[in-house]
Amino acid sequence: MSITPVTLSIDDFSDIGQVRPSGLTKTEKSSSFDNILSAAVDMYKEADMLQKKAEETEISFALGYTDSIHDLALAQQKANISLQYTVKVTNAVVSAYKELMNMQL
């Protein structure tokens, strides 16, 4: 069994500041955060769009432009489920953020 010496030069450590503890570079971390943030914004936009569609369907039904109570119930249920999901995800994110802020190093 032979032991080989480890030879390192200063050039081997030139990019050490660019690598983060998780193995991701700064641009990879920011792009993943951007993806999460854009997904959250899209979720809010979709919930808002479904709420507006449900309101339009209610008005259309109330004014007699349509007589399909099935479409009305479906639009209201979609909006309700979307809103509940958005609120639960928001609460989970806020809870995780609070937990991170309470951590001690």
# chains A, B, ... in the order shown; residues from 1 in each chain; ligands from 1
$ residues_around --residues "stretch 78-92 of chain A" --least-positions-apart "6" --cutoff "7 Å" --atoms "only C-alpha atoms" --output "list in words"
Met43, Tyr44, Ala47, Leu50, Gln51 and Ala54 of chain A
$ atom_distance --atom1 "atom CA of A:Val41" --atom2 "atom CA of A:Met101"
22.8 Å
$ residues_around --residues "A:Lys53" --least-positions-apart "3" --cutoff "9 Å" --atoms "only C-alpha atoms" --output "number ranges by chain"
A: 48-50, 56-58, 75-76, 79
$ atom_distance --atom1 "atom CA of A:Val94" --atom2 "atom CA of A:Ala39"
15.8 Å
$ atom_distance --atom1 "atom CA of A:Asp71" --atom2 "atom CA of A:Glu55"
11.9 Å
